[in-house]
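Q: Supplied structure: data_38.txt, compact mmCIF, C-alpha atoms and all ligand atoms.
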# COMPACT_ATOMS: atom_id res chain seq x y z
CA MET X 1 20.48 19.65 0.25
CA LYS X 2 17.19 19.04 2.04
CA ARG X 3 14.18 18.32 -0.13
CA ARG X 4 11.30 20.62 0.77
CA PHE X 5 7.93 18.88 1.02
CA ALA X 6 4.36 19.22 2.26
CA LEU X 7 1.98 16.56 3.53
CA ILE X 8 -1.73 16.77 2.69
CA GLY X 9 -4.28 14.83 4.76
CA THR X 10 -3.10 14.61 8.38
CA GLY X 11 -5.49 11.83 9.40
CA PHE X 12 -5.06 8.31 10.77
CA PHE X 13 -2.39 6.77 8.55
CA ALA X 14 -0.54 10.03 7.87
CA GLN X 15 0.77 9.91 11.43
CA ASN X 16 3.06 7.09 10.31
CA HIS X 17 4.22 9.11 7.29
CA LEU X 18 4.95 12.10 9.50
CA HIS X 19 6.95 10.09 12.04
CA ALA X 20 8.94 8.40 9.27
CA TRP X 21 9.75 11.72 7.53
CA ALA X 22 10.76 13.20 10.89
CA GLU X 23 13.51 10.56 11.12
CA MET X 24 15.13 11.69 7.87
CA ASP X 25 17.62 14.52 7.83
CA ASP X 26 17.53 15.01 4.05
CA VAL X 27 13.95 16.34 3.97
CA GLU X 28 12.25 19.40 5.40
CA LEU X 29 8.52 19.47 6.17
CA VAL X 30 7.55 23.00 5.17
CA ALA X 31 3.76 22.65 5.35
CA VAL X 32 0.90 20.39 6.37
CA CYS X 33 -2.64 20.63 5.06
CA ASP X 34 -6.01 19.24 6.09
CA VAL X 35 -9.56 20.51 5.79
CA ASP X 36 -9.93 19.64 9.48
CA GLU X 37 -8.45 22.64 11.33
CA ALA X 38 -7.85 20.83 14.61
CA ARG X 39 -6.05 17.94 12.91
CA VAL X 40 -3.77 20.11 10.84
CA ALA X 41 -2.95 22.31 13.82
CA ALA X 42 -2.04 19.24 15.87
CA ALA X 43 0.21 17.91 13.07
CA ALA X 44 1.96 21.28 12.67
CA ALA X 45 2.48 21.53 16.43
CA GLN X 46 4.01 18.06 16.60
CA PHE X 47 5.97 17.85 13.35
CA GLY X 48 6.46 21.48 12.26
CA GLY X 49 5.59 23.25 9.02
CA ARG X 50 2.98 25.91 8.28
CA ALA X 51 -0.65 24.77 8.56
CA TYR X 52 -3.08 25.09 5.62
CA THR X 53 -6.72 24.05 5.30
CA ASP X 54 -6.78 24.42 1.51
CA ALA X 55 -4.41 22.63 -0.87
CA ARG X 56 -4.66 25.29 -3.60
CA THR X 57 -3.53 27.96 -1.18
CA LEU X 58 -0.69 25.70 -0.06
CA PHE X 59 0.61 25.13 -3.60
CA ALA X 60 0.28 28.82 -4.45
CA ALA X 61 2.26 29.88 -1.39
CA GLU X 62 4.99 27.26 -0.96
CA ASP X 63 8.04 26.29 -2.97
CA LEU X 64 8.06 22.47 -2.84
CA ASP X 65 10.17 19.63 -4.24
CA PHE X 66 7.53 17.01 -3.54
CA VAL X 67 4.18 16.49 -1.84
CA ASP X 68 2.97 13.52 0.20
CA ILE X 69 -0.77 12.97 -0.37
CA ALA X 70 -2.35 10.96 2.46
CA THR X 71 -6.00 11.86 1.92
CA THR X 72 -8.65 9.25 1.05
CA PRO X 73 -9.14 8.21 -2.62
CA PRO X 74 -11.85 10.69 -3.73
CA THR X 75 -9.35 13.56 -3.56
CA HIS X 76 -6.29 11.74 -4.97
CA ARG X 77 -6.77 12.78 -8.60
CA MET X 78 -7.41 16.42 -7.76
CA MET X 79 -4.35 16.53 -5.48
CA VAL X 80 -2.01 14.80 -7.94
CA GLU X 81 -3.11 17.04 -10.81
CA LEU X 82 -2.70 20.10 -8.63
CA ALA X 83 0.83 19.01 -7.71
CA ALA X 84 1.72 18.31 -11.35
CA SER X 85 0.38 21.70 -12.44
CA HIS X 86 2.84 23.30 -10.00
CA GLY X 87 5.73 21.09 -11.14
CA VAL X 88 5.75 19.31 -7.77
CA ALA X 89 6.41 15.54 -7.65
CA PRO X 90 3.64 13.64 -5.80
CA ILE X 91 3.78 10.48 -3.71
CA CYS X 92 0.16 9.43 -3.15
CA GLN X 93 -1.52 6.90 -0.86
CA LYS X 94 -3.25 3.79 -2.21
CA PRO X 95 -5.70 2.98 -3.68
CA LEU X 96 -4.75 5.44 -6.35
CA ALA X 97 -8.32 5.92 -7.60
CA TRP X 98 -11.70 4.23 -7.95
CA GLU X 99 -11.63 4.45 -11.77
CA MET X 100 -8.96 3.63 -14.34
CA SER X 101 -9.70 6.89 -16.15
CA ASP X 102 -8.81 8.88 -13.02
CA ALA X 103 -5.59 6.93 -12.48
CA ARG X 104 -4.57 7.31 -16.12
CA ALA X 105 -5.24 11.06 -15.95
CA MET X 106 -2.99 11.30 -12.89
CA VAL X 107 -0.16 9.41 -14.58
CA GLU X 108 -0.51 11.49 -17.75
CA ALA X 109 -0.56 14.77 -15.80
CA CYS X 110 2.72 13.86 -14.07
CA GLU X 111 4.35 12.65 -17.29
CA ALA X 112 3.31 15.84 -19.10
CA ALA X 113 4.72 17.95 -16.27
CA GLY X 114 7.90 15.83 -16.20
CA VAL X 115 7.60 15.06 -12.47
CA PRO X 116 8.15 11.61 -10.88
CA PHE X 117 5.03 10.01 -9.39
CA MET X 118 4.92 7.17 -6.88
CA VAL X 119 2.10 5.37 -5.11
CA HIS X 120 2.68 4.85 -1.38
CA GLU X 121 2.18 1.09 -1.72
CA ASN X 122 4.05 -0.01 1.39
CA PHE X 123 3.37 -3.74 1.88
CA ARG X 124 6.12 -4.81 -0.54
CA PHE X 125 8.52 -2.69 1.53
CA GLN X 126 7.89 -4.69 4.74
CA LEU X 127 11.11 -6.33 5.85
CA PRO X 128 9.80 -9.94 5.54
CA MET X 129 8.56 -9.21 2.01
CA ARG X 130 11.97 -7.85 0.96
CA ARG X 131 13.51 -11.09 2.27
CA ILE X 132 11.05 -13.20 0.28
CA LYS X 133 11.64 -11.21 -2.90
CA ALA X 134 15.42 -11.45 -2.48
CA ALA X 135 15.21 -15.23 -1.97
CA ILE X 136 13.08 -15.66 -5.11
CA GLU X 137 15.42 -13.45 -7.15
CA ALA X 138 18.42 -15.41 -5.87
CA GLY X 139 16.81 -18.56 -7.28
CA ALA X 140 16.39 -20.22 -3.86
CA ILE X 141 13.16 -21.98 -4.83
CA GLY X 142 13.61 -22.24 -8.60
CA ARG X 143 10.67 -21.14 -10.71
CA PRO X 144 7.61 -20.18 -8.61
CA PHE X 145 4.46 -22.02 -9.74
CA PHE X 146 2.07 -21.49 -6.81
CA GLY X 147 1.51 -18.69 -4.31
CA ARG X 148 -0.83 -17.74 -1.52
CA VAL X 149 -0.92 -14.28 0.03
CA SER X 150 -3.27 -14.07 2.98
CA PHE X 151 -4.52 -11.42 5.45
CA ARG X 152 -7.16 -12.65 7.90
CA THR X 153 -8.16 -10.96 11.14
CA ALA X 154 -11.11 -9.97 13.31
CA HIS X 155 -9.38 -6.75 14.39
CA ASP X 156 -11.83 -3.84 14.53
CA VAL X 157 -10.60 -1.86 11.54
CA TYR X 158 -13.65 0.41 11.66
CA SER X 159 -12.92 2.47 14.75
CA ALA X 160 -9.68 3.90 13.29
CA GLN X 161 -11.11 4.09 9.75
CA PRO X 162 -14.86 4.80 10.13
CA TRP X 163 -15.19 5.61 6.43
CA LEU X 164 -14.76 1.88 5.69
CA VAL X 165 -18.21 1.18 7.21
CA ASP X 166 -20.02 2.89 4.34
CA SER X 167 -17.61 1.93 1.53
CA GLU X 168 -19.54 -0.08 -1.02
CA ARG X 169 -16.22 -1.52 -2.14
CA MET X 170 -14.33 -2.48 0.95
CA ILE X 171 -11.81 -5.23 1.74
CA ILE X 172 -10.60 -5.77 -1.83
CA VAL X 173 -9.77 -2.11 -2.27
CA ASP X 174 -8.63 -1.68 1.35
CA VAL X 175 -6.31 -4.63 1.88
CA ALA X 176 -6.44 -7.08 -1.05
CA VAL X 177 -4.88 -4.32 -3.17
CA HIS X 178 -1.72 -4.74 -1.06
CA LEU X 179 -1.88 -8.52 -1.44
CA PHE X 180 -2.24 -8.23 -5.23
CA ASP X 181 0.83 -6.00 -5.23
CA LEU X 182 2.75 -8.62 -3.23
CA ALA X 183 1.61 -11.42 -5.54
CA MET X 184 2.75 -9.41 -8.56
CA CYS X 185 6.01 -8.46 -6.85
CA PHE X 186 6.80 -12.14 -6.17
CA MET X 187 5.26 -13.88 -9.20
CA GLY X 188 4.74 -11.35 -11.98
CA ASP X 189 1.60 -9.93 -13.56
CA PRO X 190 -1.54 -12.09 -13.72
CA LEU X 191 -3.23 -12.79 -17.04
CA SER X 192 -6.65 -13.41 -15.53
CA LEU X 193 -8.44 -13.75 -12.21
CA VAL X 194 -11.65 -14.98 -10.60
CA THR X 195 -13.17 -13.47 -7.42
CA GLU X 196 -15.56 -14.72 -4.77
CA ALA X 197 -16.48 -12.38 -1.91
CA LEU X 198 -19.00 -12.05 0.92
CA ARG X 199 -20.29 -9.58 3.45
CA VAL X 200 -20.22 -11.30 6.85
CA ASN X 201 -20.66 -8.25 9.09
CA PRO X 202 -24.24 -7.00 8.44
CA ARG X 203 -23.42 -3.49 9.76
CA ILE X 204 -21.15 -2.57 6.84
CA ALA X 205 -21.94 -1.75 3.22
CA GLY X 206 -19.24 -3.62 1.32
CA GLU X 207 -17.50 -7.01 1.20
CA ASP X 208 -15.38 -8.04 4.20
CA VAL X 209 -14.24 -11.50 3.06
CA ALA X 210 -12.72 -12.12 -0.37
CA THR X 211 -10.83 -14.82 -2.23
CA VAL X 212 -9.22 -14.17 -5.59
CA LEU X 213 -7.56 -16.81 -7.77
CA MET X 214 -4.99 -15.28 -10.10
CA ARG X 215 -3.55 -17.01 -13.16
CA MET X 216 -0.01 -15.99 -14.16
CA GLN X 217 1.79 -17.26 -17.29
CA ASP X 218 3.13 -20.42 -15.58
CA ALA X 219 1.71 -20.10 -12.07
CA THR X 220 -1.40 -19.61 -9.97
CA CYS X 221 -1.74 -17.49 -6.85
CA ILE X 222 -4.52 -17.23 -4.27
CA VAL X 223 -5.10 -13.90 -2.56
CA ASP X 224 -7.45 -14.11 0.40
CA ALA X 225 -8.51 -11.48 2.92
CA SER X 226 -10.97 -11.34 5.78
CA TYR X 227 -11.91 -8.88 8.54
CA GLU X 228 -14.10 -11.51 10.27
CA THR X 229 -11.62 -14.26 11.11
CA ARG X 230 -11.57 -15.05 14.84
CA SER X 231 -8.52 -16.74 16.31
CA ASP X 232 -6.96 -17.43 19.69
CA HIS X 233 -3.77 -15.76 18.47
CA ASN X 234 -4.37 -12.31 17.01
CA THR X 235 -1.85 -11.71 14.22
CA TYR X 236 -3.22 -8.37 12.95
CA PRO X 237 -1.82 -6.75 10.79
CA GLN X 238 0.45 -9.53 9.54
CA THR X 239 0.33 -10.95 6.01
CA PHE X 240 1.12 -14.64 5.50
CA VAL X 241 2.81 -15.86 2.35
CA THR X 242 3.50 -19.21 0.71
CA ILE X 243 5.46 -19.41 -2.53
CA GLU X 244 6.12 -22.86 -3.98
CA GLY X 245 8.78 -23.25 -6.65
CA THR X 246 10.35 -26.05 -8.66
CA GLU X 247 13.28 -26.25 -6.20
CA GLY X 248 11.72 -25.30 -2.85
CA THR X 249 9.12 -23.40 -0.85
CA ILE X 250 9.07 -20.11 1.06
CA THR X 251 6.65 -19.75 3.98
CA LEU X 252 6.08 -16.61 6.00
CA GLY X 253 3.91 -17.58 8.95
CA PRO X 254 2.64 -15.98 12.17
CA ASP X 255 4.97 -13.67 14.09
CA TYR X 256 7.35 -13.22 11.14
CA ARG X 257 8.55 -16.80 11.11
CA LEU X 258 10.23 -17.26 7.74
CA GLN X 259 11.14 -20.68 6.40
CA ILE X 260 12.98 -21.18 3.13
CA VAL X 261 13.23 -24.75 1.86
CA SER X 262 15.81 -24.65 -0.93
CA GLY X 263 16.67 -28.05 -2.36
CA THR X 264 17.93 -30.04 0.65
CA GLN X 265 18.65 -26.91 2.72
CA VAL X 266 16.15 -25.51 5.24
CA ILE X 267 16.57 -22.00 6.66
CA ASP X 268 14.26 -21.22 9.55
CA GLU X 269 14.27 -17.87 11.32
CA THR X 270 12.06 -15.47 13.20
CA LEU X 271 12.59 -12.04 11.70
CA VAL X 272 13.09 -9.08 14.01
CA ILE X 273 11.40 -5.87 12.88
CA PRO X 274 13.53 -2.80 13.67
CA ASP X 275 12.27 -0.64 16.52
CA ARG X 276 12.24 2.92 15.15
CA GLY X 277 11.39 4.60 18.46
CA TRP X 278 7.95 5.75 17.28
CA THR X 279 6.86 2.28 16.11
CA SER X 280 4.95 -0.14 18.31
CA GLU X 281 3.49 -3.62 18.15
CA PRO X 282 1.41 -4.86 16.48
CA TRP X 283 1.85 -2.23 13.72
CA ASN X 284 5.65 -2.18 13.71
CA ALA X 285 6.24 -4.05 10.43
CA ILE X 286 3.76 -1.77 8.63
CA GLN X 287 5.22 1.33 10.26
CA ASP X 288 8.76 0.26 9.41
CA SER X 289 7.63 -0.29 5.80
CA VAL X 290 6.34 3.29 5.65
CA HIS X 291 9.87 4.44 6.40
CA ALA X 292 11.26 2.09 3.74
CA THR X 293 8.67 3.25 1.18
CA GLN X 294 9.54 6.89 1.76
CA ARG X 295 13.29 6.15 1.57
CA HIS X 296 12.68 4.43 -1.77
CA TRP X 297 10.90 7.57 -3.02
CA LEU X 298 13.85 9.76 -1.99
CA HIS X 299 16.29 7.30 -3.58
CA CYS X 300 14.33 7.54 -6.84
CA LEU X 301 14.26 11.36 -6.67
CA ASP X 302 18.04 11.31 -6.16
CA THR X 303 18.86 8.80 -8.91
CA GLY X 304 16.07 9.38 -11.42
CA GLU X 305 15.13 5.67 -11.21
CA GLU X 306 11.46 4.80 -11.75
CA PRO X 307 9.89 3.88 -8.38
CA GLU X 308 8.93 0.21 -8.00
CA THR X 309 5.39 1.43 -7.39
CA SER X 310 5.38 4.35 -9.84
CA GLY X 311 2.03 5.72 -10.95
CA ARG X 312 2.46 4.07 -14.37
CA ARG X 313 3.34 0.66 -12.90
CA THR X 314 0.41 0.97 -10.50
CA LEU X 315 -2.05 1.20 -13.42
CA ARG X 316 -1.67 -2.58 -13.78
CA LEU X 317 -2.29 -3.08 -10.05
CA LEU X 318 -5.41 -0.91 -10.24
CA ASP X 319 -6.60 -2.85 -13.28
CA VAL X 320 -6.25 -6.08 -11.25
CA THR X 321 -8.03 -4.53 -8.25
CA LEU X 322 -10.95 -3.14 -10.24
CA GLY X 323 -10.93 -6.34 -12.30
CA ALA X 324 -11.47 -8.30 -9.08
CA TYR X 325 -14.75 -6.39 -8.65
CA ALA X 326 -15.61 -6.86 -12.34
CA SER X 327 -15.25 -10.64 -11.85
CA LEU X 328 -17.33 -10.52 -8.67
CA GLU X 329 -20.11 -8.58 -10.37
CA SER X 330 -20.19 -10.65 -13.57
CA GLY X 331 -19.47 -14.02 -11.97
CA ALA X 332 -16.96 -14.56 -14.79
CA ARG X 333 -13.18 -14.70 -15.15
CA TYR X 334 -11.63 -11.25 -15.65
CA GLU X 335 -8.97 -10.93 -18.36
CA VAL X 336 -6.39 -8.53 -16.93
CA GLY X 337 -5.94 -5.42 -19.04
CA SER X 338 -9.58 -5.25 -20.19
CA LEU X 339 -10.12 -2.04 -18.21
CA SER X 340 -6.80 -0.44 -19.22
N1 LIG X 401 -0.89 1.48 3.49
C1 LIG X 401 -1.60 1.24 4.56
O1 LIG X 401 -1.29 0.32 5.32
C2 LIG X 401 -2.78 2.12 4.86
C3 LIG X 401 -3.45 2.02 6.08
C4 LIG X 401 -4.52 2.89 6.32
C5 LIG X 401 -4.92 3.81 5.35
N2 LIG X 401 -4.24 3.85 4.16
C6 LIG X 401 -4.66 4.80 3.12
O2 LIG X 401 -4.39 6.11 3.56
C7 LIG X 401 -5.36 7.02 3.02
C8 LIG X 401 -5.95 7.81 4.17
O3 LIG X 401 -6.66 6.93 5.02
P1 LIG X 401 -6.93 7.30 6.56
O4 LIG X 401 -7.54 6.10 7.16
O5 LIG X 401 -5.71 7.89 7.13
O6 LIG X 401 -8.07 8.42 6.37
P2 LIG X 401 -8.41 9.63 7.35
O7 LIG X 401 -9.82 10.01 7.01
O8 LIG X 401 -8.07 9.31 8.76
O9 LIG X 401 -7.41 10.79 6.87
C9 LIG X 401 -7.60 11.50 5.68
C10 LIG X 401 -7.46 12.97 6.00
O10 LIG X 401 -7.57 13.70 4.77
C11 LIG X 401 -8.26 14.90 5.06
N3 LIG X 401 -8.82 15.45 3.83
C12 LIG X 401 -9.88 14.98 3.10
N4 LIG X 401 -10.10 15.77 2.04
C13 LIG X 401 -9.15 16.74 2.07
C14 LIG X 401 -8.85 17.85 1.24
N5 LIG X 401 -9.59 18.11 0.14
N6 LIG X 401 -7.82 18.64 1.57
C15 LIG X 401 -7.07 18.39 2.68
N7 LIG X 401 -7.32 17.37 3.52
C16 LIG X 401 -8.34 16.54 3.21
C17 LIG X 401 -9.32 14.50 6.08
O11 LIG X 401 -9.82 15.59 6.80
C18 LIG X 401 -8.53 13.52 6.94
O12 LIG X 401 -7.93 14.14 8.05
C19 LIG X 401 -6.38 6.16 2.27
O13 LIG X 401 -6.14 6.24 0.89
C20 LIG X 401 -6.14 4.76 2.82
O14 LIG X 401 -6.44 3.73 1.88
C21 LIG X 401 -3.18 3.05 3.92
Could you spell out this file's structure in structure tokens?
A:
Amino acid sequence: MKRRFALIGTGFFAQNHLHAWAEMDDVELVAVCDVDEARVAAAAAQFGGRAYTDARTLFAAEDLDFVDIATTPPTHRMMVELAASHGVAPICQKPLAWEMSDARAMVEACEAAGVPFMVHENFRFQLPMRRIKAAIEAGAIGRPFFGRVSFRTAHDVYSAQPWLVDSERMIIVDVAVHLFDLAMCFMGDPLSLVTEALRVNPRIAGEDVATVLMRMQDATCIVDASYETRSDHNTYPQTFVTIEGTEGTITLGPDYRLQIVSGTQVIDETLVIPDRGWTSEPWNAIQDSVHATQRHWLHCLDTGEEPETSGRRTLRLLDVTLGAYASLESGARYEVGSLS
């Protein structure tokens, strides 16, 4: 049985979603939707499906098993609630919302309608991140007590995503949200956090450099992100990770070099990201993770398992993300859960 789905928002990042879905023979793209007529026509021509410029018309006309929402955050709540009201399970891009109340309403709408709901939070599905998580779970480094999750680049993120220029909240909600998810995936939920952030590029509205110190029960973790870090070796869009534990250390460095020090044993390898045909460097690990994220969604639809990044689980991630801004604005430590 092929699951029938539609994709809404055929912009920049949705191209990766569309390519990844096109690889899968257990789904059928029945419709695409975008308010931009030219974009939606191009997506329908390349990937198939009927083209709509209005989501309400799409839901009224089509019989869907799920919908992939790849619009920007201001429309996420409206789209998720629309899907739930039609009994259609949504998978929705990050960040889920700008406000906890919106995110909670989305989760509640899906729970009331009895439909699964996942956030397309793809960084934890990158191949190197799965390897790190598996090593931690296998006990390779004992009990983690320190982490650092880092994304630093001077890549021009604004030409592909011009809406970031005017975003008053920028790098924390754009990329640190992924790093928080990784930190929580590897080390558990933080109890509190402190943020420092700056705007280095005077032409943008929001913060483009941020450092967040998270306090877990028995560990600390630094999340740091920058869009103004110049280097002689461009590693965009790679994330670097260090996790120190009582029995060893995991380091993911440039170019997917993974080292696991486990007691007296040292495993050193350079990970090879699968070439999916439509993927290309330097985005290949991200693109491959889009495929893995979407496969996880289908696995959960098949088995009834709660997605790792379900809407409900993502409420905690959003609380941490918005809490990072609360700390920045107040200059004080944010106690996680205060916004929930
Ligand atoms: N996970 C990642 O690595 C990653 C990377 C980039 C972007 N994203 C996320 O993807 C989402 C989209 O970002 P983008 O850069 O692709 O944006 P984009 O502006 O390129 O694409 C969004 C599309 O949604 C369409 N749209 C807006 N309102 C609509 C509506 N009411 N009905 C139908 N279509 C509508 C727009 O016309 C546009 O084509 C964001 O939430 C962003 O944070 C994730």
Q: With a distance cut-off of 7 Å and only C-alpha atoms, select the neighbouring residues of region 170-175 of chain X, excluding the residue or stretch itself and same-chain residues fewer than 2 positions from it, and output the selection as a list in words.
A: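 So, after excluding close chain neighbours, the residues are Pro95, Leu164, Ser167, Glu168, Val177, His178, Leu179, Gly206, Glu207, Asp208, Val209, Ala210 and Thr321 of chain X.
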Q: Each side padded by 5 Å, which centre and which edge lengths in Å (one decimal) define the axis-aligned box around the listed atoms of region 171-180 of chain X? Give them as lines of an AutoDock Vina configuration file.
A:
center_x = -6.8
center_y = -5.1
center_z = -1.7
size_x = 20.1
size_y = 16.8
size_z = 17.1
Q: Looking at X:Phe13, X:Tyr158, X:Phe186, X:Phe5, which one is nearest to ligand LIG 401 (chain X), with distances taken over only C-alpha atoms and all ligand atoms?
A: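 Closest residue, counting only C-alpha atoms and all ligand atoms: X:Phe13.
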Q: Wanna dump the chain X-ligand LIG 401 (chain X) contacts at 8 Å for me, each residue with its shortest atom pair and the distance in Å to one decimal, counting only C-alpha atoms and all ligand atoms, ordered by chain and number, as JSON lines?
A:
{"residue": "X:Ile8", "atom": "CA", "partner": "X:LIG401", "partner_atom": "C15", "distance": 5.6}
{"residue": "X:Gly9", "atom": "CA", "partner": "X:LIG401", "partner_atom": "O10", "distance": 3.5}
{"residue": "X:Thr10", "atom": "CA", "partner": "X:LIG401", "partner_atom": "O12", "distance": 4.9}
{"residue": "X:Gly11", "atom": "CA", "partner": "X:LIG401", "partner_atom": "O9", "distance": 3.3}
{"residue": "X:Phe12", "atom": "CA", "partner": "X:LIG401", "partner_atom": "O5", "distance": 3.7}
{"residue": "X:Phe13", "atom": "CA", "partner": "X:LIG401", "partner_atom": "O5", "distance": 3.8}
{"residue": "X:Ala14", "atom": "CA", "partner": "X:LIG401", "partner_atom": "O5", "distance": 5.6}
{"residue": "X:Cys33", "atom": "CA", "partner": "X:LIG401", "partner_atom": "C15", "distance": 5.5}
{"residue": "X:Asp34", "atom": "CA", "partner": "X:LIG401", "partner_atom": "N7", "distance": 3.4}
{"residue": "X:Val35", "atom": "CA", "partner": "X:LIG401", "partner_atom": "N7", "distance": 4.5}
{"residue": "X:Asp36", "atom": "CA", "partner": "X:LIG401", "partner_atom": "O11", "distance": 4.9}
{"residue": "X:Arg39", "atom": "CA", "partner": "X:LIG401", "partner_atom": "O12", "distance": 6.4}
{"residue": "X:Val40", "atom": "CA", "partner": "X:LIG401", "partner_atom": "O12", "distance": 7.8}
{"residue": "X:Thr53", "atom": "CA", "partner": "X:LIG401", "partner_atom": "C15", "distance": 6.2}
{"residue": "X:Asp54", "atom": "CA", "partner": "X:LIG401", "partner_atom": "N6", "distance": 5.9}
{"residue": "X:Ala55", "atom": "CA", "partner": "X:LIG401", "partner_atom": "N6", "distance": 5.8}
{"residue": "X:Ala70", "atom": "CA", "partner": "X:LIG401", "partner_atom": "C7", "distance": 5.0}
{"residue": "X:Thr71", "atom": "CA", "partner": "X:LIG401", "partner_atom": "O10", "distance": 3.7}
{"residue": "X:Thr72", "atom": "CA", "partner": "X:LIG401", "partner_atom": "O13", "distance": 3.9}
{"residue": "X:Pro73", "atom": "CA", "partner": "X:LIG401", "partner_atom": "O13", "distance": 5.0}
{"residue": "X:Pro74", "atom": "CA", "partner": "X:LIG401", "partner_atom": "N4", "distance": 7.9}
{"residue": "X:Thr75", "atom": "CA", "partner": "X:LIG401", "partner_atom": "N5", "distance": 5.9}
{"residue": "X:Met79", "atom": "CA", "partner": "X:LIG401", "partner_atom": "N5", "distance": 7.8}
{"residue": "X:Gln93", "atom": "CA", "partner": "X:LIG401", "partner_atom": "O13", "distance": 5.0}
{"residue": "X:Lys94", "atom": "CA", "partner": "X:LIG401", "partner_atom": "O13", "distance": 4.9}
{"residue": "X:Pro95", "atom": "CA", "partner": "X:LIG401", "partner_atom": "O13", "distance": 5.6}
{"residue": "X:Leu96", "atom": "CA", "partner": "X:LIG401", "partner_atom": "O13", "distance": 7.4}
{"residue": "X:His120", "atom": "CA", "partner": "X:LIG401", "partner_atom": "N1", "distance": 6.9}
{"residue": "X:Glu121", "atom": "CA", "partner": "X:LIG401", "partner_atom": "N1", "distance": 6.1}
{"residue": "X:Asn122", "atom": "CA", "partner": "X:LIG401", "partner_atom": "N1", "distance": 5.6}
{"residue": "X:Phe123", "atom": "CA", "partner": "X:LIG401", "partner_atom": "N1", "distance": 6.9}
{"residue": "X:Ala160", "atom": "CA", "partner": "X:LIG401", "partner_atom": "O4", "distance": 6.9}
{"residue": "X:Gln161", "atom": "CA", "partner": "X:LIG401", "partner_atom": "O4", "distance": 4.8}
{"residue": "X:Pro162", "atom": "CA", "partner": "X:LIG401", "partner_atom": "O7", "distance": 7.9}
{"residue": "X:Trp163", "atom": "CA", "partner": "X:LIG401", "partner_atom": "O7", "distance": 7.0}
{"residue": "X:Val173", "atom": "CA", "partner": "X:LIG401", "partner_atom": "O14", "distance": 7.9}
{"residue": "X:Asp174", "atom": "CA", "partner": "X:LIG401", "partner_atom": "O14", "distance": 5.9}
{"residue": "X:Val175", "atom": "CA", "partner": "X:LIG401", "partner_atom": "O1", "distance": 7.8}
{"residue": "X:His178", "atom": "CA", "partner": "X:LIG401", "partner_atom": "N1", "distance": 7.8}
{"residue": "X:Ile286", "atom": "CA", "partner": "X:LIG401", "partner_atom": "O1", "distance": 6.4}
{"residue": "X:Val290", "atom": "CA", "partner": "X:LIG401", "partner_atom": "N1", "distance": 7.8}
Q: Extract, using all atoms listed in the file, all DNA, RNA and protein residues at most 8 Å from Ala285 (chain X), discarding same-chain residues fewer than 6 positions from it, and format them as a PyMOL selection string.
A: chain X and resi 126-127+273
Q: For Thr195 (chain X), list every protein, DNA or RNA residue within 10 Å, evaluated using only C-alpha atoms, and leave out those in the same chain fewer than 6 positions away; present the list as a count of residues only.
A: 21
Q: At what distance in Å, to one decimal, does CA of Ser150 (chain X) lie from CA of Met184 (chain X)?
A: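 Going from CA of Met184 (chain X) over to CA of Ser150 (chain X), I get 13.8 Å.
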Q: CA of Ile250 (chain X) and CA of Ile132 (chain X), how far apart in Å?
A: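 Value for the CA of Ile132 (chain X)-CA of Ile250 (chain X) distance: 7.2 Å.
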Q: Skip Arg77 (chain X) itself and residues of its chain fewer than 2 positions away, then list as a short mmCIF file (atom, residue, chain, number, x, y, z; two decimals) with C-alpha atoms, keeping the file's coordinate frame all residues within 12 Å of it, counting only C-alpha atoms.
A:
data_model
loop_
_atom_site.label_atom_id
_atom_site.label_comp_id
_atom_site.auth_asym_id
_atom_site.auth_seq_id
_atom_site.Cartn_x
_atom_site.Cartn_y
_atom_site.Cartn_z
CA ILE X 69 -0.77 12.97 -0.37
CA THR X 71 -6.00 11.86 1.92
CA THR X 72 -8.65 9.25 1.05
CA PRO X 73 -9.14 8.21 -2.62
CA PRO X 74 -11.85 10.69 -3.73
CA THR X 75 -9.35 13.56 -3.56
CA MET X 79 -4.35 16.53 -5.48
CA VAL X 80 -2.01 14.80 -7.94
CA GLU X 81 -3.11 17.04 -10.81
CA LEU X 82 -2.70 20.10 -8.63
CA ALA X 83 0.83 19.01 -7.71
CA ALA X 84 1.72 18.31 -11.35
CA PRO X 90 3.64 13.64 -5.80
CA ILE X 91 3.78 10.48 -3.71
CA CYS X 92 0.16 9.43 -3.15
CA GLN X 93 -1.52 6.90 -0.86
CA LYS X 94 -3.25 3.79 -2.21
CA PRO X 95 -5.70 2.98 -3.68
CA LEU X 96 -4.75 5.44 -6.35
CA ALA X 97 -8.32 5.92 -7.60
CA TRP X 98 -11.70 4.23 -7.95
CA GLU X 99 -11.63 4.45 -11.77
CA MET X 100 -8.96 3.63 -14.34
CA SER X 101 -9.70 6.89 -16.15
CA ASP X 102 -8.81 8.88 -13.02
CA ALA X 103 -5.59 6.93 -12.48
CA ARG X 104 -4.57 7.31 -16.12
CA ALA X 105 -5.24 11.06 -15.95
CA MET X 106 -2.99 11.30 -12.89
CA VAL X 107 -0.16 9.41 -14.58
CA GLU X 108 -0.51 11.49 -17.75
CA ALA X 109 -0.56 14.77 -15.80
CA CYS X 110 2.72 13.86 -14.07
CA GLY X 311 2.03 5.72 -10.95
#
Q: Could you state the separation of CA of Glu28 (chain X) and CA of Arg4 (chain X) in Å, given to one decimal place?
A: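 Computing the Euclidean distance for CA of Glu28 (chain X) and CA of Arg4 (chain X) yields 4.9 Å.
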Q: Would you mind listing what lies within 8 Å of region 242-244 of chain X as a count of residues only, with all atoms listed in the file counted and same-chain residues fewer than 4 positions away left out?
A: 12
Q: For a quick check of understanding, using only C-alpha atoms, which of X:Glu306, X:Glu111, X:Asp65, X:Glu228 has the smallest distance to Asp156 (chain X)?
A: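 Nearest candidate to Asp156 (chain X) out of X:Glu306, X:Glu111, X:Asp65, X:Glu228: X:Glu228.
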